[in-house]
Every structure is written in structure tokens, then in C-alpha cells.
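Chemist: This structure is in C-alpha cells; I'll ask about it shortly.
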Amino acid sequence: MDLKERRQMSAKKYKQSPKGVKSRVKSSWKKRGLIGDLDAIYDIYLATTECMRCSDPVSGRNKHMDHDHDTGEYRAVLCRSCNLGNILDTKPSTNKKIKEKWIFPHNEHGFKFVKTTKKIKHSAFFGTLEEAIAYKAEYLANRTKSSPPS
């Protein structure tokens with residue numbers, strides 16, 4: 001094995017180590033504008049197993065670091081659903097998400113409601129934003145029941 005291959009293997013091994021993962025995650029947060037004691041925030045991030053807003057389990061790609069886009073300060077560890085279209089964010093989204101949690105534009109004239117509860121994905125489509133918001137309210141009110149609203 002030559003020197004180049006050994007360096008590549010060493011770099012790959014480091015990237016997969018806990019120290020390498022932590023370094024990549026913190027670097028990613030810095031690029032997204034997160035400021036503060038990133039080591040302490042990383043420890044909170046690792047220890048968090050439930051969304052700090054809705055209490056759904058979080059892990060892997062469903063675990064997101066929420067921060068204020070204006071100040072860069074850490075706010076919470078959230079699930080994907082709670083982090084998307086977060087009403088606490090004041091800057092407009094680059095992909096024009098609706099500032100209504102779990103409701104997104106669909107096609108040119110419609111809206112889509114998407115919510116994952118207990119690892120079961122539920123979605124519905126609507127012609128107007130008002131219909132989607134009303135459906136969301138009914139869905140959340142009936143969340144403890146076994147079937148989604150009709």
C-alpha cells in the first residue's frame with residue numbers, strides 16, 4: 001500500500017470516528033450560521049431523543065438543529081416536521097415554503113399537508129391554503145384517535 005492509499009484510509013477512518021463526526025457536524029452548523037458554544041450544543045444534540053416541540057422520537061435524518069436565522073443562536077433540537085416552515089423563522093425560505101407548519105405548496109395551485117406521527121406518514125391535498133389549515137386543525141384535534149379526519 002502506497003502513501004496516498006494510507007492517507008485516504010486514515011482520513012476515511014477519522015471521518016467515521018466520533019471525533020470526526022463531531023467535527024463535520026459542527027462545521028455544517030457553522031456554515032448554516034449557528035453560533036455559540038458548539039461543543040455544548042453538540043452534547044445537547046446527542047442527548048436529545050425527542051423533538052423539543054412535539055415530543056416525537058428523533059434520530060438520524062429526522063433530527064434537526066433549530067436556530068434563529070437572524071442572530072444565529074441555538075433554539076432547540078426538532079424533528080423534521082417541526083423544523084420545516086418553522087414559524088419562528090423570519091427570513092423567507094429559499095424554496096418558498098408556506099409559513100404554516102406541515103403545509104407546503106403543491107403543484108401550481110394547491111397545497112399539501114404532511115405529518116408523520118409515530119413513524120406513520122399522513123398526507124392530504126387541498127386547493128386552498130384555508131382548506132389545508134382547517135384540515136390541519138382537525139387532524140391535530142383528532143391526533144389521539146386512530147383514523148385521520150375525512
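Letters A, B, ... go to the chains of the C-alpha cells in the order shown; residues in each chain start at 1; ligands are counted from 1 in the same order.
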Could you give me, as a list in words, the residues within 8 Å of Lys15 (chain A), counting only C-alpha atoms and dropping anything in the same chain fewer than 5 positions from it?

Modeler: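 Listed by chain and then number, they are Gly20, Val21 and Arg24 of chain A.
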
Chemist: Please produce, as JSON lines, a per-residue contact table for region 27-90 of chain A versus region 119-138 of chain A (criterion: any atom at most 12 Å away, only C-alpha atoms considered), showing the nearest atom pair and its distance in Å to one decimal, sorted by chain then residue number.

Modeler:
{"residue": "A:Asp56", "atom": "CA", "partner": "A:Lys119", "partner_atom": "CA", "distance": 8.9}
{"residue": "A:Pro57", "atom": "CA", "partner": "A:Lys119", "partner_atom": "CA", "distance": 8.9}
{"residue": "A:Val58", "atom": "CA", "partner": "A:Lys119", "partner_atom": "CA", "distance": 10.3}
{"residue": "A:Ser59", "atom": "CA", "partner": "A:Lys119", "partner_atom": "CA", "distance": 11.7}
{"residue": "A:Asn62", "atom": "CA", "partner": "A:Lys119", "partner_atom": "CA", "distance": 10.5}
{"residue": "A:Cys79", "atom": "CA", "partner": "A:Lys119", "partner_atom": "CA", "distance": 11.6}
{"residue": "A:Arg80", "atom": "CA", "partner": "A:Lys119", "partner_atom": "CA", "distance": 12.0}
{"residue": "A:Ser81", "atom": "CA", "partner": "A:Lys121", "partner_atom": "CA", "distance": 10.7}

Chemist: Only C-alpha atoms, please: the residues just picked out, written as a compact mmCIF listing (two decimals), in the first residue's frame.

Modeler:
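The resulting file, part-v4.txt, is reproduced below:
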# COMPACT_ATOMS: atom_id res chain seq x y z
CA ASP A 56 -41.96 12.67 18.69
CA PRO A 57 -38.81 10.48 18.68
CA VAL A 58 -35.88 11.99 16.76
CA SER A 59 -32.79 10.37 15.32
CA ASN A 62 -35.24 13.27 11.41
CA CYS A 79 -37.98 16.72 14.28
CA ARG A 80 -38.11 17.37 10.54
CA SER A 81 -41.83 18.26 10.62

Chemist: One number please: CA of Leu78 (chain A) to CA of His64 (chain A), in Å, one decimal.

Modeler: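 Here the two named atoms are 5.2 Å from each other.
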
Chemist: Which of these residues is nearest to Tyr42 (chain A), using only C-alpha atoms: A:Arg6, A:Lys19, A:Lys12, A:Lys26?

Modeler: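 Counting only C-alpha atoms, the residue closest to Tyr42 (chain A) is A:Lys26.
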
Chemist: Pull the closest atom pair for each residue of region 6-60 of chain A that gets at most 12 Å from region 67-70 of chain A, along with the distance in Å to one decimal, counting only C-alpha atoms, ordering rows by chain and then ascending residue number, as a Markdown table.

Modeler:
| residue | atom | partner | partner_atom | distance |
| --- | --- | --- | --- | --- |
| A:Trp29 | CA | A:His67 | CA | 9.5 |
| A:Lys30 | CA | A:His67 | CA | 11.1 |
| A:Lys31 | CA | A:His69 | CA | 11.9 |
| A:Arg32 | CA | A:His69 | CA | 8.6 |
| A:Gly33 | CA | A:His69 | CA | 7.2 |
| A:Leu34 | CA | A:His67 | CA | 6.5 |
| A:Ile35 | CA | A:His67 | CA | 8.8 |
| A:Gly36 | CA | A:His67 | CA | 10.6 |
| A:Ile41 | CA | A:His67 | CA | 11.0 |

Chemist: Go ahead and write the residues just picked, N, CA and C atoms, as a PDB file, in the first residue's frame.

Modeler:
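Just written: result-v3.pdb:
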ATOM      1  N   TRP A  29     -22.973  23.146  10.923  1.00  0.00           N
ATOM      2  CA  TRP A  29     -23.748  24.141  11.660  1.00  0.00           C
ATOM      3  C   TRP A  29     -23.178  25.543  11.447  1.00  0.00           C
ATOM      4  N   LYS A  30     -21.843  25.669  11.479  1.00  0.00           N
ATOM      5  CA  LYS A  30     -21.209  26.974  11.257  1.00  0.00           C
ATOM      6  C   LYS A  30     -21.573  27.519   9.883  1.00  0.00           C
ATOM      7  N   LYS A  31     -21.551  26.651   8.869  1.00  0.00           N
ATOM      8  CA  LYS A  31     -21.898  27.081   7.506  1.00  0.00           C
ATOM      9  C   LYS A  31     -23.340  27.562   7.425  1.00  0.00           C
ATOM     10  N   ARG A  32     -24.211  26.992   8.256  1.00  0.00           N
ATOM     11  CA  ARG A  32     -25.622  27.388   8.257  1.00  0.00           C
ATOM     12  C   ARG A  32     -25.884  28.590   9.173  1.00  0.00           C
ATOM     13  N   GLY A  33     -24.849  29.074   9.847  1.00  0.00           N
ATOM     14  CA  GLY A  33     -24.970  30.292  10.634  1.00  0.00           C
ATOM     15  C   GLY A  33     -25.148  30.117  12.125  1.00  0.00           C
ATOM     16  N   LEU A  34     -25.040  28.891  12.651  1.00  0.00           N
ATOM     17  CA  LEU A  34     -25.182  28.663  14.087  1.00  0.00           C
ATOM     18  C   LEU A  34     -23.963  29.217  14.808  1.00  0.00           C
ATOM     19  N   ILE A  35     -24.203  29.938  15.900  1.00  0.00           N
ATOM     20  CA  ILE A  35     -23.107  30.488  16.691  1.00  0.00           C
ATOM     21  C   ILE A  35     -23.250  30.017  18.130  1.00  0.00           C
ATOM     22  N   GLY A  36     -22.246  30.287  18.940  1.00  0.00           N
ATOM     23  CA  GLY A  36     -22.299  29.923  20.359  1.00  0.00           C
ATOM     24  C   GLY A  36     -21.313  28.815  20.682  1.00  0.00           C
ATOM     25  N   ILE A  41     -23.596  22.673  22.603  1.00  0.00           N
ATOM     26  CA  ILE A  41     -24.780  22.440  21.775  1.00  0.00           C
ATOM     27  C   ILE A  41     -24.742  21.030  21.192  1.00  0.00           C
TER      28      ILE A  41
END

Chemist: To one decimal place, how far is CA of Cys82 (chain A) from CA of Leu140 (chain A) in Å?

Modeler: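 Here the two named atoms are 13.4 Å from each other.
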
Chemist: Using backbone DSSP assignments, extract all alpha helix (DSSP H) residues from region 46-135 of chain A; output them as a PDB file with N, CA and C atoms, in the first residue's frame.

Modeler:
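Here's the written file out03.pdb:
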ATOM      1  N   LEU A  46     -26.718  15.425  20.908  1.00  0.00           N
ATOM      2  CA  LEU A  46     -26.536  13.976  21.068  1.00  0.00           C
ATOM      3  C   LEU A  46     -27.480  13.397  22.123  1.00  0.00           C
ATOM      4  N   ALA A  47     -27.707  14.144  23.193  1.00  0.00           N
ATOM      5  CA  ALA A  47     -28.533  13.641  24.294  1.00  0.00           C
ATOM      6  C   ALA A  47     -30.029  13.686  23.989  1.00  0.00           C
ATOM      7  N   ARG A  80     -38.039  16.753  11.862  1.00  0.00           N
ATOM      8  CA  ARG A  80     -38.113  17.368  10.537  1.00  0.00           C
ATOM      9  C   ARG A  80     -39.408  18.156  10.359  1.00  0.00           C
ATOM     10  N   SER A  81     -40.533  17.588  10.785  1.00  0.00           N
ATOM     11  CA  SER A  81     -41.826  18.261  10.617  1.00  0.00           C
ATOM     12  C   SER A  81     -41.864  19.595  11.347  1.00  0.00           C
ATOM     13  N   CYS A  82     -41.383  19.634  12.571  1.00  0.00           N
ATOM     14  CA  CYS A  82     -41.409  20.877  13.345  1.00  0.00           C
ATOM     15  C   CYS A  82     -40.413  21.897  12.814  1.00  0.00           C
ATOM     16  N   ASN A  83     -39.318  21.436  12.233  1.00  0.00           N
ATOM     17  CA  ASN A  83     -38.302  22.350  11.729  1.00  0.00           C
ATOM     18  C   ASN A  83     -38.687  22.947  10.377  1.00  0.00           C
ATOM     19  N   LEU A 129     -55.201  27.262   0.685  1.00  0.00           N
ATOM     20  CA  LEU A 129     -54.457  27.251   1.943  1.00  0.00           C
ATOM     21  C   LEU A 129     -55.423  27.167   3.125  1.00  0.00           C
ATOM     22  N   GLU A 130     -56.547  27.834   3.042  1.00  0.00           N
ATOM     23  CA  GLU A 130     -57.527  27.826   4.128  1.00  0.00           C
ATOM     24  C   GLU A 130     -58.037  26.411   4.393  1.00  0.00           C
ATOM     25  N   GLU A 131     -58.311  25.642   3.320  1.00  0.00           N
ATOM     26  CA  GLU A 131     -58.764  24.255   3.476  1.00  0.00           C
ATOM     27  C   GLU A 131     -57.691  23.419   4.172  1.00  0.00           C
ATOM     28  N   ALA A 132     -56.449  23.632   3.765  1.00  0.00           N
ATOM     29  CA  ALA A 132     -55.338  22.874   4.353  1.00  0.00           C
ATOM     30  C   ALA A 132     -55.177  23.210   5.836  1.00  0.00           C
ATOM     31  N   ILE A 133     -55.310  24.483   6.191  1.00  0.00           N
ATOM     32  CA  ILE A 133     -55.176  24.902   7.593  1.00  0.00           C
ATOM     33  C   ILE A 133     -56.310  24.317   8.429  1.00  0.00           C
ATOM     34  N   ALA A 134     -57.531  24.335   7.895  1.00  0.00           N
ATOM     35  CA  ALA A 134     -58.669  23.756   8.616  1.00  0.00           C
ATOM     36  C   ALA A 134     -58.473  22.259   8.823  1.00  0.00           C
ATOM     37  N   TYR A 135     -57.972  21.564   7.789  1.00  0.00           N
ATOM     38  CA  TYR A 135     -57.717  20.130   7.889  1.00  0.00           C
ATOM     39  C   TYR A 135     -56.660  19.854   8.954  1.00  0.00           C
TER      40      TYR A 135
END

Chemist: Could you work out how far CA of Tyr45 (chain A) lies from CA of Ser17 (chain A), giving the answer in Å with one decimal?

Modeler: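 Going from CA of Ser17 (chain A) over to CA of Tyr45 (chain A), I get 17.1 Å.
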
Chemist: List the neighbours of Ile44 (chain A) out to 10 Å using only C-alpha atoms; skip same-chain residues closer than 5 positions along the sequence, and give me the result as a list in words.

Modeler: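 Residues meeting the cut-off are Leu38, Asp39, Thr49, Ala76 and Val77 of chain A.
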
Chemist: For the residues in the current selection, export N, CA and C atoms as a PDB file, in the first residue's frame.

Modeler:
ATOM      1  N   LEU A  38     -20.465  25.577  20.442  1.00  0.00           N
ATOM      2  CA  LEU A  38     -20.879  24.440  19.624  1.00  0.00           C
ATOM      3  C   LEU A  38     -20.611  23.097  20.296  1.00  0.00           C
ATOM      4  N   ASP A  39     -19.611  23.027  21.154  1.00  0.00           N
ATOM      5  CA  ASP A  39     -19.356  21.776  21.879  1.00  0.00           C
ATOM      6  C   ASP A  39     -20.514  21.463  22.836  1.00  0.00           C
ATOM      7  N   THR A  49     -33.445  12.821  22.396  1.00  0.00           N
ATOM      8  CA  THR A  49     -34.063  11.679  21.710  1.00  0.00           C
ATOM      9  C   THR A  49     -35.506  11.969  21.297  1.00  0.00           C
ATOM     10  N   ALA A  76     -33.419  24.965  19.621  1.00  0.00           N
ATOM     11  CA  ALA A  76     -33.911  23.657  20.062  1.00  0.00           C
ATOM     12  C   ALA A  76     -33.459  22.579  19.092  1.00  0.00           C
ATOM     13  N   VAL A  77     -33.653  21.313  19.500  1.00  0.00           N
ATOM     14  CA  VAL A  77     -33.480  20.165  18.617  1.00  0.00           C
ATOM     15  C   VAL A  77     -34.889  19.716  18.253  1.00  0.00           C
TER      16      VAL A  77
END
